[in-house]
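The next block is model.cif, given as mmCIF, C-alpha atoms.
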```cif
data_input
#
loop_
_atom_site.label_atom_id
_atom_site.label_comp_id
_atom_site.auth_asym_id
_atom_site.auth_seq_id
_atom_site.Cartn_x
_atom_site.Cartn_y
_atom_site.Cartn_z
CA MET A 1 -41.10 116.63 -44.32
CA ILE A 2 -41.82 119.43 -46.83
CA THR A 3 -38.19 120.53 -46.79
CA THR A 4 -37.02 117.00 -47.55
CA ILE A 5 -39.48 116.67 -50.40
CA LEU A 6 -38.40 119.96 -51.96
CA ARG A 7 -34.72 119.06 -51.62
CA ARG A 8 -35.26 115.72 -53.38
CA SER A 9 -37.21 117.34 -56.19
CA LEU A 10 -34.54 119.99 -56.77
CA LEU A 11 -31.74 117.42 -56.89
CA ASP A 12 -33.17 115.90 -60.04
CA ALA A 13 -31.54 118.25 -62.51
CA SER A 14 -32.65 116.20 -65.49
CA LYS A 15 -36.29 117.19 -64.97
CA PRO A 16 -37.96 120.58 -65.47
CA ALA A 17 -38.86 122.61 -62.40
CA THR A 18 -41.93 121.40 -60.61
CA SER A 19 -44.31 123.42 -58.49
CA ILE A 20 -44.54 122.93 -54.76
CA ASN A 21 -48.15 121.81 -54.98
CA ALA A 22 -47.31 119.24 -57.67
CA VAL A 23 -44.48 117.85 -55.61
CA LEU A 24 -46.56 117.64 -52.47
CA SER A 25 -49.49 116.04 -54.24
CA HIS A 26 -47.15 113.49 -55.81
CA GLN A 27 -45.39 112.62 -52.57
CA LEU A 28 -48.36 112.69 -50.20
CA ALA A 29 -51.13 111.21 -52.36
CA PRO A 30 -52.23 107.69 -51.30
CA ALA A 31 -51.57 106.30 -54.78
CA LYS A 32 -49.78 103.05 -55.58
CA HIS A 33 -46.12 103.89 -55.01
CA PHE A 34 -43.28 101.82 -53.65
CA ARG A 35 -41.27 103.38 -50.85
CA VAL A 36 -37.59 103.05 -51.69
CA PRO A 37 -35.26 102.96 -48.67
CA GLU A 38 -32.28 105.27 -48.74
CA MET A 39 -28.95 103.49 -48.59
CA GLY A 40 -26.70 106.46 -47.92
CA GLY A 41 -26.15 109.61 -49.93
CA VAL A 42 -28.66 111.24 -52.24
CA ARG A 43 -30.66 108.93 -54.51
CA ASP A 44 -32.14 110.07 -57.81
CA LEU A 45 -35.80 109.30 -57.19
CA SER A 46 -36.63 109.83 -60.85
CA LYS A 47 -34.67 106.65 -61.54
CA MET A 48 -35.85 104.78 -58.46
CA THR A 49 -39.59 105.15 -59.06
CA PHE A 50 -41.35 101.91 -59.80
CA GLU A 51 -44.04 101.83 -62.45
CA ILE A 52 -47.03 99.51 -62.25
CA LYS A 53 -48.42 98.42 -65.57
CA ASN A 54 -51.69 96.56 -65.60
CA THR A 55 -52.12 93.80 -68.13
CA SER A 56 -53.95 94.75 -71.29
CA GLU A 57 -57.61 94.02 -71.78
CA GLU A 58 -56.77 91.35 -74.35
CA GLU A 59 -54.52 89.53 -71.87
CA LYS A 60 -57.24 89.72 -69.23
CA VAL A 61 -59.75 88.16 -71.60
CA SER A 62 -57.35 85.42 -72.68
CA SER A 63 -56.60 84.48 -69.08
CA LYS A 64 -60.16 84.79 -67.84
CA ASP A 65 -60.57 81.06 -67.42
CA ASP A 66 -57.17 80.55 -65.79
CA ASP A 67 -58.44 80.39 -62.23
CA GLN A 68 -55.14 79.05 -60.96
CA GLY A 69 -53.02 81.55 -62.86
CA ASN A 70 -51.66 84.92 -61.82
CA LYS A 71 -54.86 86.72 -60.87
CA GLY A 72 -54.78 90.50 -61.23
CA GLU A 73 -51.38 90.24 -62.86
CA GLN A 74 -49.32 93.40 -62.77
CA LEU A 75 -46.05 93.88 -64.55
CA ILE A 76 -43.62 95.73 -62.33
CA VAL A 77 -40.89 97.50 -64.29
CA SER A 78 -38.01 99.04 -62.35
CA TYR A 79 -34.85 101.00 -62.96
CA TRP A 80 -32.85 97.80 -62.42
CA GLY A 81 -34.09 96.28 -65.64
CA VAL A 82 -35.52 93.12 -64.07
CA LYS A 83 -38.51 92.32 -66.22
CA PRO A 84 -41.04 89.53 -65.81
CA MET A 85 -40.71 86.76 -68.36
CA LYS A 86 -43.50 86.13 -70.82
CA ILE A 87 -43.48 82.40 -71.49
CA THR A 88 -45.71 80.46 -73.84
CA LYS A 89 -46.42 76.75 -74.04
CA GLU A 90 -45.87 74.60 -77.11
CA ASP A 91 -49.41 75.28 -78.28
CA GLY A 92 -48.80 79.02 -78.14
CA THR A 93 -50.92 79.74 -75.07
CA GLN A 94 -49.48 81.79 -72.23
CA TRP A 95 -47.76 79.93 -69.38
CA LYS A 96 -49.66 80.92 -66.26
CA TRP A 97 -47.42 79.62 -63.45
CA THR A 98 -44.68 81.63 -61.80
CA CYS A 99 -43.71 78.95 -59.27
CA PHE A 100 -42.29 76.65 -61.96
CA ARG A 101 -41.45 76.84 -65.66
CA PRO A 102 -42.27 74.58 -68.63
CA TRP A 103 -38.74 73.17 -68.73
CA GLU A 104 -39.13 72.01 -65.12
CA THR A 105 -42.13 69.83 -65.92
CA TYR A 106 -41.90 66.12 -66.70
CA LYS A 107 -43.84 62.90 -67.15
CA ALA A 108 -43.47 60.65 -64.11
CA ASP A 109 -41.94 57.21 -64.55
CA LEU A 110 -44.76 54.94 -63.37
CA SER A 111 -42.82 51.78 -64.17
CA ILE A 112 -40.56 52.10 -61.13
CA ASP A 113 -40.55 49.16 -58.70
CA LEU A 114 -42.68 50.17 -55.73
CA LYS A 115 -41.84 47.10 -53.64
CA LYS A 116 -38.13 47.71 -53.16
CA HIS A 117 -37.10 47.67 -49.51
CA HIS A 118 -33.81 48.03 -47.72
CA VAL A 119 -33.61 45.37 -45.01
CA PRO A 120 -32.03 46.99 -41.94
CA SER A 121 -28.94 45.08 -40.84
CA THR A 122 -26.79 47.49 -38.85
CA LEU A 123 -27.79 49.11 -35.58
CA PRO A 124 -28.17 52.63 -37.11
CA ASP A 125 -30.33 51.18 -39.89
CA LYS A 126 -32.57 49.40 -37.40
CA PHE A 127 -32.85 52.53 -35.32
CA ALA A 128 -33.82 54.58 -38.39
CA TYR A 129 -36.34 51.95 -39.49
CA TRP A 130 -38.13 51.70 -36.15
CA MET A 131 -38.06 55.45 -35.65
CA VAL A 132 -40.02 55.91 -38.88
CA LYS A 133 -42.38 53.08 -37.95
CA SER A 134 -43.05 54.68 -34.56
CA LEU A 135 -43.98 57.95 -36.25
CA ARG A 136 -46.68 56.21 -38.24
CA TRP A 137 -48.80 55.36 -35.20
CA PRO A 138 -49.69 58.94 -34.17
CA THR A 139 -50.22 59.83 -37.83
CA ASP A 140 -52.73 56.99 -38.26
CA LEU A 141 -54.44 58.02 -35.03
CA PHE A 142 -54.78 61.67 -35.99
CA PHE A 143 -55.72 61.47 -39.68
CA GLN A 144 -57.30 57.99 -39.79
CA ARG A 145 -58.82 57.65 -43.30
CA ARG A 146 -58.51 61.32 -44.30
CA TYR A 147 -55.81 60.67 -46.87
CA GLY A 148 -55.97 64.08 -48.49
CA CYS A 149 -55.04 65.84 -45.25
CA ARG A 150 -52.60 63.04 -44.46
CA ALA A 151 -50.80 63.60 -47.76
CA MET A 152 -50.67 67.32 -47.10
CA MET A 153 -49.04 66.77 -43.70
CA LEU A 154 -46.66 64.16 -45.10
CA GLU A 155 -45.38 66.54 -47.76
CA THR A 156 -44.69 69.34 -45.27
CA VAL A 157 -42.27 66.93 -43.56
CA ALA A 158 -40.91 65.21 -46.68
CA ALA A 159 -39.77 68.53 -48.16
CA VAL A 160 -37.44 69.21 -45.21
CA PRO A 161 -34.62 66.59 -45.63
CA GLY A 162 -33.61 67.58 -49.15
CA MET A 163 -33.38 71.24 -48.16
CA VAL A 164 -31.35 70.47 -45.02
CA GLY A 165 -29.00 68.09 -46.84
CA GLY A 166 -28.52 70.47 -49.76
CA MET A 167 -27.92 73.40 -47.44
CA LEU A 168 -25.28 71.57 -45.38
CA MET A 169 -23.52 70.30 -48.50
CA HIS A 170 -23.58 73.84 -49.88
CA PHE A 171 -21.82 75.17 -46.80
CA LYS A 172 -19.38 72.27 -46.86
CA SER A 173 -18.52 73.01 -50.48
CA LEU A 174 -17.83 76.65 -49.58
CA ARG A 175 -15.67 75.75 -46.58
CA ARG A 176 -13.58 73.20 -48.42
CA PHE A 177 -13.41 74.97 -51.80
CA GLU A 178 -14.58 71.83 -53.56
CA GLN A 179 -17.36 70.58 -55.83
CA SER A 180 -20.30 68.59 -54.50
CA GLY A 181 -20.56 66.17 -57.40
CA GLY A 182 -23.99 67.60 -58.21
CA TRP A 183 -25.51 66.47 -54.92
CA ILE A 184 -26.47 69.97 -53.81
CA LYS A 185 -28.65 70.32 -56.90
CA ALA A 186 -30.02 66.78 -56.56
CA LEU A 187 -31.10 67.26 -52.94
CA LEU A 188 -32.61 70.70 -53.51
CA GLU A 189 -34.39 69.25 -56.53
CA GLU A 190 -35.93 66.64 -54.23
CA ALA A 191 -37.06 69.31 -51.77
CA GLU A 192 -38.66 71.34 -54.56
CA ASN A 193 -40.43 68.27 -55.92
CA GLU A 194 -41.87 67.49 -52.48
CA ARG A 195 -43.01 71.09 -52.15
CA MET A 196 -44.85 70.80 -55.44
CA HIS A 197 -46.64 67.76 -54.02
CA LEU A 198 -47.81 69.99 -51.18
CA MET A 199 -48.95 72.76 -53.52
CA THR A 200 -50.99 70.15 -55.40
CA PHE A 201 -52.69 68.62 -52.37
CA MET A 202 -53.47 72.07 -51.02
CA GLU A 203 -55.92 72.32 -53.93
CA VAL A 204 -57.56 69.04 -52.93
CA ALA A 205 -57.59 69.10 -49.14
CA LYS A 206 -58.27 72.40 -47.41
CA PRO A 207 -56.46 72.26 -44.04
CA LYS A 208 -58.26 73.38 -40.90
CA TRP A 209 -56.69 75.87 -38.50
CA TYR A 210 -55.50 73.21 -36.06
CA GLU A 211 -53.91 71.23 -38.89
CA ARG A 212 -52.00 74.33 -39.95
CA ALA A 213 -50.87 74.79 -36.35
CA LEU A 214 -49.77 71.15 -36.27
CA VAL A 215 -47.72 71.67 -39.43
CA ILE A 216 -45.83 74.55 -37.80
CA ALA A 217 -45.08 72.45 -34.70
CA VAL A 218 -44.09 69.30 -36.58
CA GLN A 219 -41.95 71.14 -39.09
CA GLY A 220 -40.13 73.03 -36.37
CA VAL A 221 -39.33 69.88 -34.42
CA PHE A 222 -38.45 67.76 -37.44
CA PHE A 223 -36.22 70.41 -39.05
CA ASN A 224 -34.05 70.78 -35.96
CA ALA A 225 -33.98 67.04 -35.25
CA TYR A 226 -33.02 66.18 -38.83
CA LEU A 227 -30.42 68.96 -38.94
CA LEU A 228 -28.77 67.55 -35.83
CA GLY A 229 -29.01 64.01 -37.16
CA TYR A 230 -27.43 64.97 -40.48
CA LEU A 231 -24.57 66.76 -38.75
CA ILE A 232 -23.89 63.68 -36.62
CA SER A 233 -24.34 61.01 -39.29
CA PRO A 234 -25.35 61.71 -42.91
CA LYS A 235 -25.62 57.98 -43.63
CA PHE A 236 -28.18 57.61 -40.83
CA ALA A 237 -30.10 60.69 -42.00
CA HIS A 238 -30.36 59.48 -45.61
CA ARG A 239 -31.33 55.99 -44.48
CA MET A 240 -34.13 57.38 -42.35
CA VAL A 241 -35.45 59.39 -45.31
CA GLY A 242 -35.31 56.24 -47.43
CA TYR A 243 -37.56 54.49 -44.92
CA LEU A 244 -39.77 57.58 -44.68
CA GLU A 245 -40.28 57.41 -48.44
CA GLU A 246 -41.16 53.72 -48.19
CA GLU A 247 -43.91 54.68 -45.75
CA ALA A 248 -45.05 57.38 -48.15
CA ILE A 249 -45.41 54.79 -50.90
CA HIS A 250 -47.55 52.69 -48.57
CA SER A 251 -49.73 55.70 -47.64
CA TYR A 252 -50.37 56.62 -51.27
CA THR A 253 -51.17 53.00 -52.09
CA GLU A 254 -53.85 53.08 -49.38
CA PHE A 255 -55.03 56.40 -50.81
CA LEU A 256 -55.50 54.71 -54.20
CA LYS A 257 -57.47 51.86 -52.61
CA GLU A 258 -59.87 54.36 -51.04
CA LEU A 259 -60.31 56.07 -54.41
CA ASP A 260 -60.93 52.76 -56.20
CA ASN A 261 -63.46 51.70 -53.54
CA GLY A 262 -65.38 54.95 -53.94
CA ASN A 263 -64.73 56.08 -50.36
CA ILE A 264 -62.99 59.21 -51.68
CA GLU A 265 -64.38 61.14 -54.63
CA ASN A 266 -62.16 60.96 -57.68
CA VAL A 267 -62.33 64.66 -58.50
CA PRO A 268 -60.64 66.29 -61.50
CA ALA A 269 -56.92 66.86 -61.09
CA PRO A 270 -55.85 70.38 -60.08
CA ALA A 271 -54.58 72.52 -62.97
CA ILE A 272 -51.17 72.85 -61.34
CA ALA A 273 -50.77 69.05 -61.32
CA ILE A 274 -51.79 68.72 -64.97
CA ASP A 275 -49.10 71.18 -66.06
CA TYR A 276 -46.37 70.02 -63.66
CA TRP A 277 -46.60 66.30 -64.50
CA ARG A 278 -47.83 66.84 -68.09
CA LEU A 279 -51.04 64.93 -67.40
CA GLU A 280 -53.95 64.65 -69.77
CA ALA A 281 -56.48 67.47 -69.65
CA ASP A 282 -59.12 65.11 -68.22
CA ALA A 283 -56.80 63.68 -65.53
CA THR A 284 -58.28 62.91 -62.13
CA LEU A 285 -57.11 62.78 -58.53
CA ARG A 286 -56.21 59.13 -59.01
CA ASP A 287 -53.75 60.08 -61.75
CA VAL A 288 -52.19 62.65 -59.42
CA VAL A 289 -51.73 60.12 -56.61
CA MET A 290 -50.13 57.71 -59.07
CA VAL A 291 -47.46 60.19 -60.18
CA VAL A 292 -46.81 61.41 -56.63
CA ARG A 293 -46.31 57.83 -55.47
CA ALA A 294 -43.83 57.29 -58.30
CA ASP A 295 -41.94 60.43 -57.20
CA GLU A 296 -41.71 59.07 -53.66
CA ALA A 297 -40.28 55.80 -54.97
CA HIS A 298 -37.56 57.74 -56.77
CA HIS A 299 -36.76 59.70 -53.61
CA ARG A 300 -36.57 56.39 -51.75
CA ASP A 301 -33.94 55.13 -54.18
CA VAL A 302 -31.88 58.32 -54.06
CA ASN A 303 -31.69 58.43 -50.27
CA HIS A 304 -30.91 54.72 -49.81
CA TYR A 305 -28.25 55.13 -52.53
CA ALA A 306 -26.76 58.14 -50.70
CA SER A 307 -26.67 56.19 -47.45
CA ASP A 308 -24.97 53.23 -49.15
CA ILE A 309 -22.25 55.56 -50.48
CA HIS A 310 -21.49 56.70 -46.95
CA TYR A 311 -21.56 53.12 -45.63
CA GLN A 312 -18.91 52.17 -48.18
CA GLY A 313 -16.62 54.83 -46.75
CA HIS A 314 -17.01 57.38 -49.54
CA GLU A 315 -18.32 60.92 -49.72
CA LEU A 316 -21.30 61.79 -51.88
CA LYS A 317 -19.17 63.95 -54.19
CA GLU A 318 -17.28 60.82 -55.29
CA ALA A 319 -20.41 59.38 -56.93
CA PRO A 320 -22.35 61.16 -59.71
CA ALA A 321 -25.52 62.71 -58.34
CA PRO A 322 -28.82 61.46 -59.81
CA ILE A 323 -29.90 64.88 -61.03
CA GLY A 324 -33.29 64.80 -62.72
CA TYR A 325 -34.03 61.31 -61.42
CA HIS A 326 -37.83 61.24 -61.47
#
```
Re-express the file's structure as structure tokens.
Amino acid sequence: MITTILRRSLLDASKPATSINAVLSHQLAPAKHFRVPEMGGVRDLSKMTFEIKNTSEEEKVSSKDDDQGNKGEQLIVSYWGVKPMKITKEDGTQWKWTCFRPWETYKADLSIDLKKHHVPSTLPDKFAYWMVKSLRWPTDLFFQRRYGCRAMMLETVAAVPGMVGGMLMHFKSLRRFEQSGGWIKALLEEAENERMHLMTFMEVAKPKWYERALVIAVQGVFFNAYLLGYLISPKFAHRMVGYLEEEAIHSYTEFLKELDNGNIENVPAPAIAIDYWRLEADATLRDVVMVVRADEAHHRDVNHYASDIHYQGHELKEAPAPIGYH
């Protein structure tokens, strides 16, 4: 151990000689250091050392009220030159989210038709429709009127199809050396949007341990089932998601009824929702449910549209992808 430490210190010719005690105290002290794995050969540890810089006192004061921001923020500067971005909003205040950026935010289109429905006519469509309907019964039985937890569970499932579809199209594009028509981006965009729904409802409904366990089980089963279904028939997979989104619209409509009837407290909207959907500062949970329901209606349209493309004998790449369709 000591021999290795001395050898490493002597290899750094750019630095002045260092005493044995200084080297040992530097290497063995339980301070905040990152252990850098060796990848063959001798590495210059003077270049590989990471430096932790705490935010200044002024930044701490300015972000004191940002409970949902980056608490205990530390700027990590490395030899590789990857530096954290300092982003400000239009009003000059610091952007506090690292999970999304200001240019990824938007105002939801609440004028979208929520009553659209694809009437199943073919056997695969009917199978997809009744499969989704059958999944609603155990969901109603388990969650009953707890719509906050219901929404949380729904979003853990709804975020899977876009990721699976985008992943498979990505691999297909690589295998065939061809473009995807923008559909990879569109499907991954859908998955990210659904994940943001989950991050929002996590601030409203705190899941219990058994609900977290249920999420792991349901996600594991649904991911593998949907992956297999998409490999067999993409048109069936997209149609099923279209019907799943129709059920989501219904669930959020019931959620709104409970809020309007006073059965669920209309609490202030989480800070992450206000920034992501560009809501008013005094927005409430009802406003959040409204924009989430509108998102689900857009996902419904995209997936039914994708299924129709396949039914007409075309590939998705032949039709322009609805990127940014919110």
Can you check which parts of region 88-125 of chain A lie within 6 Å of region 274-279 of chain A? Per residue, the shortest pair of atoms and distance in Å to one decimal, counting all atoms listed in the file, sorted by chain and number, as CSV.
```
residue,atom,partner,partner_atom,distance
A:Thr105,CA,A:Tyr276,CA,4.8
A:Tyr106,CA,A:Trp277,CA,5.2
A:Lys107,CA,A:Trp277,CA,5.1
```
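Taking CA of Leu154 (chain A) and CA of Pro268 (chain A) as the two end points, the separation is 21.7 Å.
Shortest atom-to-atom contact with Leu228 (chain A) among A:Met202, A:Ile184, A:Leu168, A:Leu123: A:Leu168, counting only C-alpha atoms.
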Residues in the PyMOL selection byres ((chain A and resi 128) around 12), expressed as a PyMOL selection string: chain A and resi 118-127+129-135+226+229+233-244+304+307
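Relative to CA of His298 (chain A), CA of Met152 (chain A) is found at 18.9 Å.
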Residues matched by the PyMOL selection byres ((chain A and resi 265) around 12), written as an MDAnalysis selection string: chainID A and resid 146:148 204:205 255:264 266:269 284:286
Distance in Å - CA of Thr156 (chain A) versus CA of Leu198 (chain A): 6.7 Å
Top pick for closest residue to Glu247 (chain A), considering A:Glu296, A:Asp109, A:Glu192, A:Glu178 and counting all atoms listed in the file: A:Glu296
Exercise: Ala294 (chain A) partners within 12 Å, all atoms listed in the file, chain neighbours under 3 positions left out, as a ChimeraX atom specification: /A:107-115,193-194,197,245-246,248-250,252-253,277,287-291,297-301,325-326
Residues selected by the PyMOL selection byres ((chain A and resi 167) around 12), written as a list in words: Val160, Pro161, Gly162, Met163, Val164, Gly165, Gly166, Leu168, Met169, His170, Phe171, Lys172, Ser173, Leu174, Ser180, Trp183, Ile184, Lys185, Ala186, Leu187, Leu188, Glu189, Ala191, Leu227, Tyr230 and Leu231 of chain A
The selected residues should be written to file as a PDB file, in the coordinates of the input (atoms: C-alpha atoms).
```
ATOM      1  CA  VAL A 160     -37.440  69.210 -45.210  1.00  0.00           C
ATOM      2  CA  PRO A 161     -34.620  66.590 -45.630  1.00  0.00           C
ATOM      3  CA  GLY A 162     -33.610  67.580 -49.150  1.00  0.00           C
ATOM      4  CA  MET A 163     -33.380  71.240 -48.160  1.00  0.00           C
ATOM      5  CA  VAL A 164     -31.350  70.470 -45.020  1.00  0.00           C
ATOM      6  CA  GLY A 165     -29.000  68.090 -46.840  1.00  0.00           C
ATOM      7  CA  GLY A 166     -28.520  70.470 -49.760  1.00  0.00           C
ATOM      8  CA  LEU A 168     -25.280  71.570 -45.380  1.00  0.00           C
ATOM      9  CA  MET A 169     -23.520  70.300 -48.500  1.00  0.00           C
ATOM     10  CA  HIS A 170     -23.580  73.840 -49.880  1.00  0.00           C
ATOM     11  CA  PHE A 171     -21.820  75.170 -46.800  1.00  0.00           C
ATOM     12  CA  LYS A 172     -19.380  72.270 -46.860  1.00  0.00           C
ATOM     13  CA  SER A 173     -18.520  73.010 -50.480  1.00  0.00           C
ATOM     14  CA  LEU A 174     -17.830  76.650 -49.580  1.00  0.00           C
ATOM     15  CA  SER A 180     -20.300  68.590 -54.500  1.00  0.00           C
ATOM     16  CA  TRP A 183     -25.510  66.470 -54.920  1.00  0.00           C
ATOM     17  CA  ILE A 184     -26.470  69.970 -53.810  1.00  0.00           C
ATOM     18  CA  LYS A 185     -28.650  70.320 -56.900  1.00  0.00           C
ATOM     19  CA  ALA A 186     -30.020  66.780 -56.560  1.00  0.00           C
ATOM     20  CA  LEU A 187     -31.100  67.260 -52.940  1.00  0.00           C
ATOM     21  CA  LEU A 188     -32.610  70.700 -53.510  1.00  0.00           C
ATOM     22  CA  GLU A 189     -34.390  69.250 -56.530  1.00  0.00           C
ATOM     23  CA  ALA A 191     -37.060  69.310 -51.770  1.00  0.00           C
ATOM     24  CA  LEU A 227     -30.420  68.960 -38.940  1.00  0.00           C
ATOM     25  CA  TYR A 230     -27.430  64.970 -40.480  1.00  0.00           C
ATOM     26  CA  LEU A 231     -24.570  66.760 -38.750  1.00  0.00           C
TER      27      LEU A 231
END
```
